[in-house]
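J.: Pasting in a structure now, in structure tokens, and then I'll have a few things to ask.
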Protein chains: 2
Amino acid sequence: MGEFELIESFFWRRPGQGPRRAVVGNGDDCAVIAPAPGMQLAVSTDTLVEGRHFLSTVDPRRLGHKALAVNLSDLAACGAQPLAFTLALTLPRVDATWLQAFAQGLLDLADEHECELIGGDTTAGPLAIGITVMGEVPVGQTLLRSGARAGDDIWVSGFPGEARLALEAFRGTLHPGLSGDAFDATRLAMEAPDPRVALGVGLRGVASAAVDVSDGLLGDLGHVLRRSGVGAMLALDTLPLSPWLAARPRAEQLDCILAGGDDYELVFTAPPARREAVAALGDTLGLVLSRIGRIEAEPGVRLHVSGLDGEGDATPVPNRWASFDHFRG
Amino acid sequence: MGEFELIESFFWRRPGQGPRRAVVGNGDDCAVIAPAPGMQLAVSTDTLVEGRHFLSTVDPRRLGHKALAVNLSDLAACGAQPLAFTLALTLPRVDATWLQAFAQGLLDLADEHECELIGGDTTAGPLAIGITVMGEVPVGQTLLRSGARAGDDIWVSGFPGEARLALEAFRGTLHPGLSGDAFDATRLAMEAPDPRVALGVGLRGVASAAVDVSDGLLGDLGHVLRRSGVGAMLALDTLPLSPWLAARPRAEQLDCILAGGDDYELVFTAPPARREAVAALGDTLGLVLSRIGRIEAEPGVRLHVSGLDGEGDATPVPNRWASFDHFRG
């Protein structure tokens, strides 16, 4: 079996599967897809580069999962249901064991979300994974960054900060270090994030704005604030803490949660009248949804040590929590 | 101006331009596009890696053009009209002069085809350009590789082989070498191919199958033959020769035309009853369309030295014309 045939066998020639969601599947010059009537197509693209977005020692199965997860997370932030994706794989060599595990992690997550691999190519070069994902969203119901209004609540899903905690453990900067359990759990959060697709779909018509946390909660919330022309207050005592984060020093907790990034949780805003709807959605999905602040008319972000009603001390956002920049960071 | 702002200024913040073809443009988690009623979406993706698909000395404006052109060529081969594309750029450094020229080459071609840049990302790493392109095609009118039938004519657009001639000139393998004019002209064909979008759209309802010549005429025609379950005869004397190729030794001509690749011309099949329609399309587009062979029921490719009616000698396809393989070649 030649190298290309080997690659094709992992990604394209899966037993018993012709095109499922595509009109024309992989193998022609283009794949052809058709959004359902009344649906528009949401499109996003993200590339993961070795040494920049993942460590060379990562389990290839987790890497396959994560490469698609970070793209599905963008669909989630728009309230789109996954439909299909393309894969551009750059490989330094053809390693069958590695490829099989990578493909399994990638395609297991794709199957879970019924997101069909419809095209792509493989080239020789430094390891990089480029994915473009397409999803469906009903006309006019896309969750945008620009819809937040003064008075809206600010919510976050899950436990942002765990991925950063794991990264710092890898870097050896934590004192004290993590326990074995904490390291395994936070490493899983970093290496195999769970994209909040069902949450995004459930937030259609409920949230006024949404964004996924890829660069850090403060940085990504900042995108919403700028596009919406508003500001925000965040109550630090309301930030959700996983057991692993709860055991860490307070300054480290805040660094990880507010500026960590790589979380792929959703930050969203909704009018106070929708609090019950948001709570019901969290119950249905078995997902912790925390109300962490409020949209205000005045631009900028103000951090309150405690109290969603703003009775705590307001402090400016420290520079060290500026958003991650791939060319600086 | 920071590095990211610089990149954004070249690609995203063009004067006087909001989203044009997208419902939601770049800057949110996803872009949103909506195919027109009765249209399906054709999707293709191609990555260009430095040292593998282009030389490090290439003019960045031509590189920008080519990165999109090879993707538009896939749309052309399906008869799709370009709609939008995403760009995943991996850059070893931020060089404003280089980026500005690259963006201009890319966006000039995008504007020419009304193909909107709707998303993407930039990461630090070895130079690579990943593009996923989306186009519209009327329901059921996609040109496929699988539609060729025994008795159909085989056609090719333009002058395949020029890109390979230029590549061999760069490699220093040509004896005699190319004149300055020939080098400039064939280098332009290699570095800035013209995707046959209008031809692809015009071939809807005319061609029975189509493919673009990226890996070599014989190799790409082979995809059509396998998918259609047919074979072909090609008449070597009918292969079109540009002035630059016409001046070369015959063996070199055939190597370049049949196995050169990187041409981005279309090879297509059509019933003999559509010869006038094909000729009229060539006239309308000002594009040379050459009838070079015929689809036959018997699998495999037979080369005839002369004569479309097969009166010449039939020879098997030499091994040296096997298709280019990125992991072997």
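The chains in the structure tokens are called A, B, ... from first to last as shown; in each chain the residues are counted from 1, and the ligands are counted from 1 in the order shown.
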Among the residues of segment 49-99 of chain A, find those DSSP assigns to alpha helix (DSSP H) from the backbone and print them as a list of chain:residue names.

T.: A:Pro60, A:Arg61, A:Arg62, A:Leu63, A:Gly64, A:His65, A:Lys66, A:Ala67, A:Leu68, A:Ala69, A:Val70, A:Asn71, A:Leu72, A:Ser73, A:Asp74, A:Leu75, A:Ala76, A:Ala77, A:Cys78, A:Ala96, A:Thr97, A:Trp98, A:Leu99

J.: Quick one: write out the picked residues with N, CA and C atoms as a tab-separated table (two decimals), in the first residue's frame?

T.:
```tsv
chain	number	residue	atom	x	y	z
A	60	PRO	N	-1.64	11.56	19.58
A	60	PRO	CA	-2.23	11.94	18.29
A	60	PRO	C	-3.75	11.83	18.26
A	61	ARG	N	-4.31	10.92	19.07
A	61	ARG	CA	-5.76	10.81	19.10
A	61	ARG	C	-6.38	12.08	19.70
A	62	ARG	N	-5.75	12.57	20.76
A	62	ARG	CA	-6.24	13.83	21.34
A	62	ARG	C	-6.01	15.01	20.39
A	63	LEU	N	-4.92	14.96	19.66
A	63	LEU	CA	-4.65	16.05	18.72
A	63	LEU	C	-5.70	16.08	17.62
A	64	GLY	N	-6.06	14.90	17.11
A	64	GLY	CA	-7.12	14.84	16.09
A	64	GLY	C	-8.43	15.41	16.62
A	65	HIS	N	-8.74	15.02	17.86
A	65	HIS	CA	-9.95	15.55	18.51
A	65	HIS	C	-9.88	17.07	18.61
A	66	LYS	N	-8.76	17.56	19.10
A	66	LYS	CA	-8.67	19.01	19.37
A	66	LYS	C	-8.71	19.82	18.08
A	67	ALA	N	-8.07	19.31	17.02
A	67	ALA	CA	-8.02	20.08	15.78
A	67	ALA	C	-9.44	20.36	15.27
A	68	LEU	N	-10.32	19.38	15.41
A	68	LEU	CA	-11.71	19.61	14.99
A	68	LEU	C	-12.48	20.38	16.07
A	69	ALA	N	-12.18	20.10	17.34
A	69	ALA	CA	-12.93	20.72	18.44
A	69	ALA	C	-12.83	22.24	18.41
A	70	VAL	N	-11.63	22.76	18.14
A	70	VAL	CA	-11.47	24.22	18.17
A	70	VAL	C	-12.27	24.86	17.03
A	71	ASN	N	-12.47	24.12	15.95
A	71	ASN	CA	-13.29	24.63	14.85
A	71	ASN	C	-14.79	24.51	15.17
A	72	LEU	N	-15.19	23.39	15.74
A	72	LEU	CA	-16.59	23.23	16.14
A	72	LEU	C	-16.96	24.28	17.18
A	73	SER	N	-15.99	24.66	17.99
A	73	SER	CA	-16.23	25.68	19.00
A	73	SER	C	-16.64	27.01	18.37
A	74	ASP	N	-16.06	27.33	17.22
A	74	ASP	CA	-16.45	28.55	16.51
A	74	ASP	C	-17.89	28.45	16.00
A	75	LEU	N	-18.26	27.28	15.51
A	75	LEU	CA	-19.66	27.08	15.11
A	75	LEU	C	-20.57	27.26	16.31
A	76	ALA	N	-20.17	26.66	17.45
A	76	ALA	CA	-20.98	26.75	18.66
A	76	ALA	C	-21.21	28.21	19.05
A	77	ALA	N	-20.17	29.01	18.95
A	77	ALA	CA	-20.26	30.42	19.34
A	77	ALA	C	-21.21	31.20	18.44
A	78	CYS	N	-21.53	30.65	17.27
A	78	CYS	CA	-22.48	31.29	16.35
A	78	CYS	C	-23.84	30.62	16.39
A	96	ALA	N	2.15	5.40	10.04
A	96	ALA	CA	0.82	4.78	10.03
A	96	ALA	C	0.19	4.76	11.41
A	97	THR	N	0.96	4.46	12.44
A	97	THR	CA	0.41	4.39	13.79
A	97	THR	C	-0.11	5.75	14.23
A	98	TRP	N	0.71	6.76	13.99
A	98	TRP	CA	0.32	8.12	14.35
A	98	TRP	C	-0.95	8.54	13.59
A	99	LEU	N	-0.93	8.29	12.28
A	99	LEU	CA	-2.06	8.72	11.44
A	99	LEU	C	-3.36	8.03	11.83
```

J.: Mind dumping a table of every chain A residue within 6 Å of chain B, with the nearest atom pair and its distance in Å to one decimal, using only C-alpha atoms, sorted by chain and rising number, as CSV?

T.:
```
residue,atom,partner,partner_atom,distance
A:Asp29,CA,B:Asp74,CA,5.1
A:Cys30,CA,B:Ser44,CA,4.8
A:Ala31,CA,B:Val43,CA,5.2
A:Val32,CA,B:Ala42,CA,4.3
A:Ile33,CA,B:Leu41,CA,5.2
A:Ala34,CA,B:Gln40,CA,4.9
A:Gln40,CA,B:Ala34,CA,4.9
A:Leu41,CA,B:Ile33,CA,5.2
A:Ala42,CA,B:Val32,CA,4.3
A:Val43,CA,B:Cys30,CA,5.2
A:Ser44,CA,B:Cys30,CA,4.8
A:Thr45,CA,B:Gly120,CA,5.5
A:Asp74,CA,B:Asp29,CA,5.1
A:Gly120,CA,B:Thr45,CA,5.6
```

J.: Quick one: pick out all strand (DSSP E) residues within segment 174-321 of chain B from a backbone DSSP run and write them as number ranges by chain.

T.: B: 209-212, 231-235, 266-270, 289-296, 300-304, 314-315

J.: For the residues in the current selection, export N, CA, C and O atoms as a short mmCIF file (atom, residue, chain, number, x, y, z; two decimals), in the first residue's frame.

T.:
```cif
data_model
loop_
_atom_site.label_atom_id
_atom_site.label_comp_id
_atom_site.auth_asym_id
_atom_site.auth_seq_id
_atom_site.Cartn_x
_atom_site.Cartn_y
_atom_site.Cartn_z
N ALA B 209 -17.97 15.27 -18.22
CA ALA B 209 -17.07 15.13 -17.07
C ALA B 209 -15.97 16.18 -17.20
O ALA B 209 -15.70 16.66 -18.31
N ALA B 210 -15.37 16.54 -16.09
CA ALA B 210 -14.28 17.53 -16.13
C ALA B 210 -13.36 17.33 -14.93
O ALA B 210 -13.76 16.82 -13.89
N VAL B 211 -12.11 17.77 -15.11
CA VAL B 211 -11.12 17.74 -14.04
C VAL B 211 -10.12 18.84 -14.36
O VAL B 211 -9.97 19.23 -15.52
N ASP B 212 -9.46 19.40 -13.35
CA ASP B 212 -8.42 20.38 -13.67
C ASP B 212 -7.05 19.69 -13.63
O ASP B 212 -6.86 18.69 -12.95
N GLY B 231 -12.02 3.94 -20.56
CA GLY B 231 -10.64 4.17 -20.96
C GLY B 231 -10.59 5.29 -21.98
O GLY B 231 -11.60 5.97 -22.21
N ALA B 232 -9.40 5.50 -22.58
CA ALA B 232 -9.28 6.61 -23.52
C ALA B 232 -8.17 6.35 -24.53
O ALA B 232 -7.23 5.62 -24.25
N MET B 233 -8.32 6.95 -25.70
CA MET B 233 -7.21 7.07 -26.62
C MET B 233 -6.91 8.55 -26.77
O MET B 233 -7.82 9.38 -26.78
N LEU B 234 -5.62 8.87 -26.78
CA LEU B 234 -5.20 10.25 -27.02
C LEU B 234 -4.36 10.28 -28.29
O LEU B 234 -3.50 9.40 -28.50
N ALA B 235 -4.62 11.27 -29.14
CA ALA B 235 -3.84 11.43 -30.38
C ALA B 235 -2.77 12.48 -30.12
O ALA B 235 -3.06 13.67 -29.97
N LEU B 266 -8.38 22.93 -17.88
CA LEU B 266 -9.41 21.91 -17.70
C LEU B 266 -9.29 20.83 -18.77
O LEU B 266 -9.11 21.16 -19.96
N VAL B 267 -9.38 19.59 -18.36
CA VAL B 267 -9.60 18.48 -19.28
C VAL B 267 -11.05 18.07 -19.10
O VAL B 267 -11.50 17.89 -17.96
N PHE B 268 -11.78 17.99 -20.21
CA PHE B 268 -13.19 17.62 -20.08
C PHE B 268 -13.62 16.73 -21.23
O PHE B 268 -12.96 16.66 -22.27
N THR B 269 -14.72 16.04 -21.01
CA THR B 269 -15.28 15.18 -22.04
C THR B 269 -16.67 15.70 -22.41
O THR B 269 -17.36 16.32 -21.59
N ALA B 270 -17.05 15.45 -23.65
CA ALA B 270 -18.37 15.88 -24.13
C ALA B 270 -18.76 15.00 -25.31
O ALA B 270 -17.88 14.57 -26.06
N LEU B 289 -9.51 25.70 -27.24
CA LEU B 289 -10.00 24.42 -26.73
C LEU B 289 -9.67 23.36 -27.77
O LEU B 289 -10.10 23.46 -28.92
N SER B 290 -8.87 22.36 -27.38
CA SER B 290 -8.37 21.38 -28.34
C SER B 290 -8.98 20.01 -28.08
O SER B 290 -8.99 19.54 -26.94
N ARG B 291 -9.43 19.38 -29.15
CA ARG B 291 -9.97 18.02 -29.05
C ARG B 291 -8.79 17.08 -29.20
O ARG B 291 -8.14 17.06 -30.25
N ILE B 292 -8.49 16.31 -28.16
CA ILE B 292 -7.23 15.56 -28.14
C ILE B 292 -7.43 14.05 -28.06
O ILE B 292 -6.45 13.30 -28.04
N GLY B 293 -8.66 13.57 -28.00
CA GLY B 293 -8.82 12.13 -27.90
C GLY B 293 -10.28 11.75 -27.76
O GLY B 293 -11.19 12.57 -27.98
N ARG B 294 -10.47 10.49 -27.38
CA ARG B 294 -11.82 9.96 -27.33
C ARG B 294 -11.93 8.96 -26.18
O ARG B 294 -10.99 8.20 -25.90
N ILE B 295 -13.05 8.98 -25.52
CA ILE B 295 -13.32 7.99 -24.47
C ILE B 295 -13.69 6.66 -25.12
O ILE B 295 -14.47 6.63 -26.08
N GLU B 296 -13.11 5.59 -24.60
CA GLU B 296 -13.39 4.25 -25.11
C GLU B 296 -13.84 3.35 -23.95
O GLU B 296 -13.52 3.61 -22.79
N GLY B 300 -7.93 1.88 -19.40
CA GLY B 300 -6.54 2.21 -19.73
C GLY B 300 -6.47 3.34 -20.76
O GLY B 300 -7.50 3.76 -21.32
N VAL B 301 -5.26 3.82 -20.97
CA VAL B 301 -5.04 4.91 -21.93
C VAL B 301 -4.14 4.40 -23.05
O VAL B 301 -3.11 3.79 -22.79
N ARG B 302 -4.54 4.65 -24.28
CA ARG B 302 -3.73 4.30 -25.44
C ARG B 302 -3.33 5.58 -26.16
O ARG B 302 -4.17 6.44 -26.43
N LEU B 303 -2.05 5.70 -26.42
CA LEU B 303 -1.54 6.89 -27.10
C LEU B 303 -1.37 6.58 -28.59
O LEU B 303 -0.69 5.61 -28.95
N HIS B 304 -1.98 7.40 -29.42
CA HIS B 304 -1.79 7.26 -30.86
C HIS B 304 -0.86 8.37 -31.32
O HIS B 304 -1.03 9.52 -30.92
N ALA B 314 -0.77 2.61 -31.90
CA ALA B 314 -1.11 2.72 -30.48
C ALA B 314 0.07 2.27 -29.63
O ALA B 314 0.67 1.25 -29.90
N THR B 315 0.42 3.08 -28.62
CA THR B 315 1.52 2.70 -27.73
C THR B 315 1.01 2.75 -26.29
O THR B 315 0.11 3.54 -25.98
#
```

J.: I want to know what sits within 12 Å of Asp111 of chain A, based on only C-alpha atoms, with residues of the same chain fewer than 4 positions away left out; could you give that as a PyMOL selection string?

T.: chain A and resi 14+17+20-21+65+68+82-85+103-107+115-117

J.: So that I can check the surroundings of Asp255 of chain A, please list as a VMD selection string every protein, DNA and RNA residue that reaches within 9 Å of it, counting only C-alpha atoms and ignoring chain neighbours fewer than 2 positions away.

T.: chain A and resid 161 164 250 to 253 257 to 260 320 to 321

J.: Excluding segment 169-180 of chain A and residues on its chain fewer than 4 positions from it, collect all residues at most 10 Å away from it, counting only C-alpha atoms, and give them as a VMD selection string.

T.: chain A and resid 55 163 to 165 184 to 187 244 247 to 249 252

J.: Store the residues picked out above in a file with C-alpha atoms, as a compact mmCIF listing (two decimals), in the first residue's frame.

T.:
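Heads up, here's the output in again_21.txt:
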```txt
# COMPACT_ATOMS: atom_id res chain seq x y z
CA LEU A 55 3.37 19.97 22.03
CA ALA A 163 -6.16 24.36 30.02
CA ARG A 164 -3.84 27.11 31.17
CA LEU A 165 -3.23 25.37 34.48
CA ASP A 184 -4.41 14.32 34.23
CA ALA A 185 -7.72 16.15 34.46
CA THR A 186 -6.46 19.57 33.42
CA ARG A 187 -4.31 18.04 30.69
CA TRP A 244 -8.37 21.62 40.47
CA ALA A 247 -6.95 24.23 45.17
CA ARG A 248 -4.61 26.82 43.62
CA PRO A 249 -3.48 30.23 44.95
CA GLU A 252 -3.04 31.87 39.83
```

J.: Please measure the separation of atom CA of Glu276 of chain A and atom CA of Leu218 of chain A, giving the value in Å to one decimal.

T.: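 Going from atom CA of Glu276 of chain A over to atom CA of Leu218 of chain A covers 25.2 Å.
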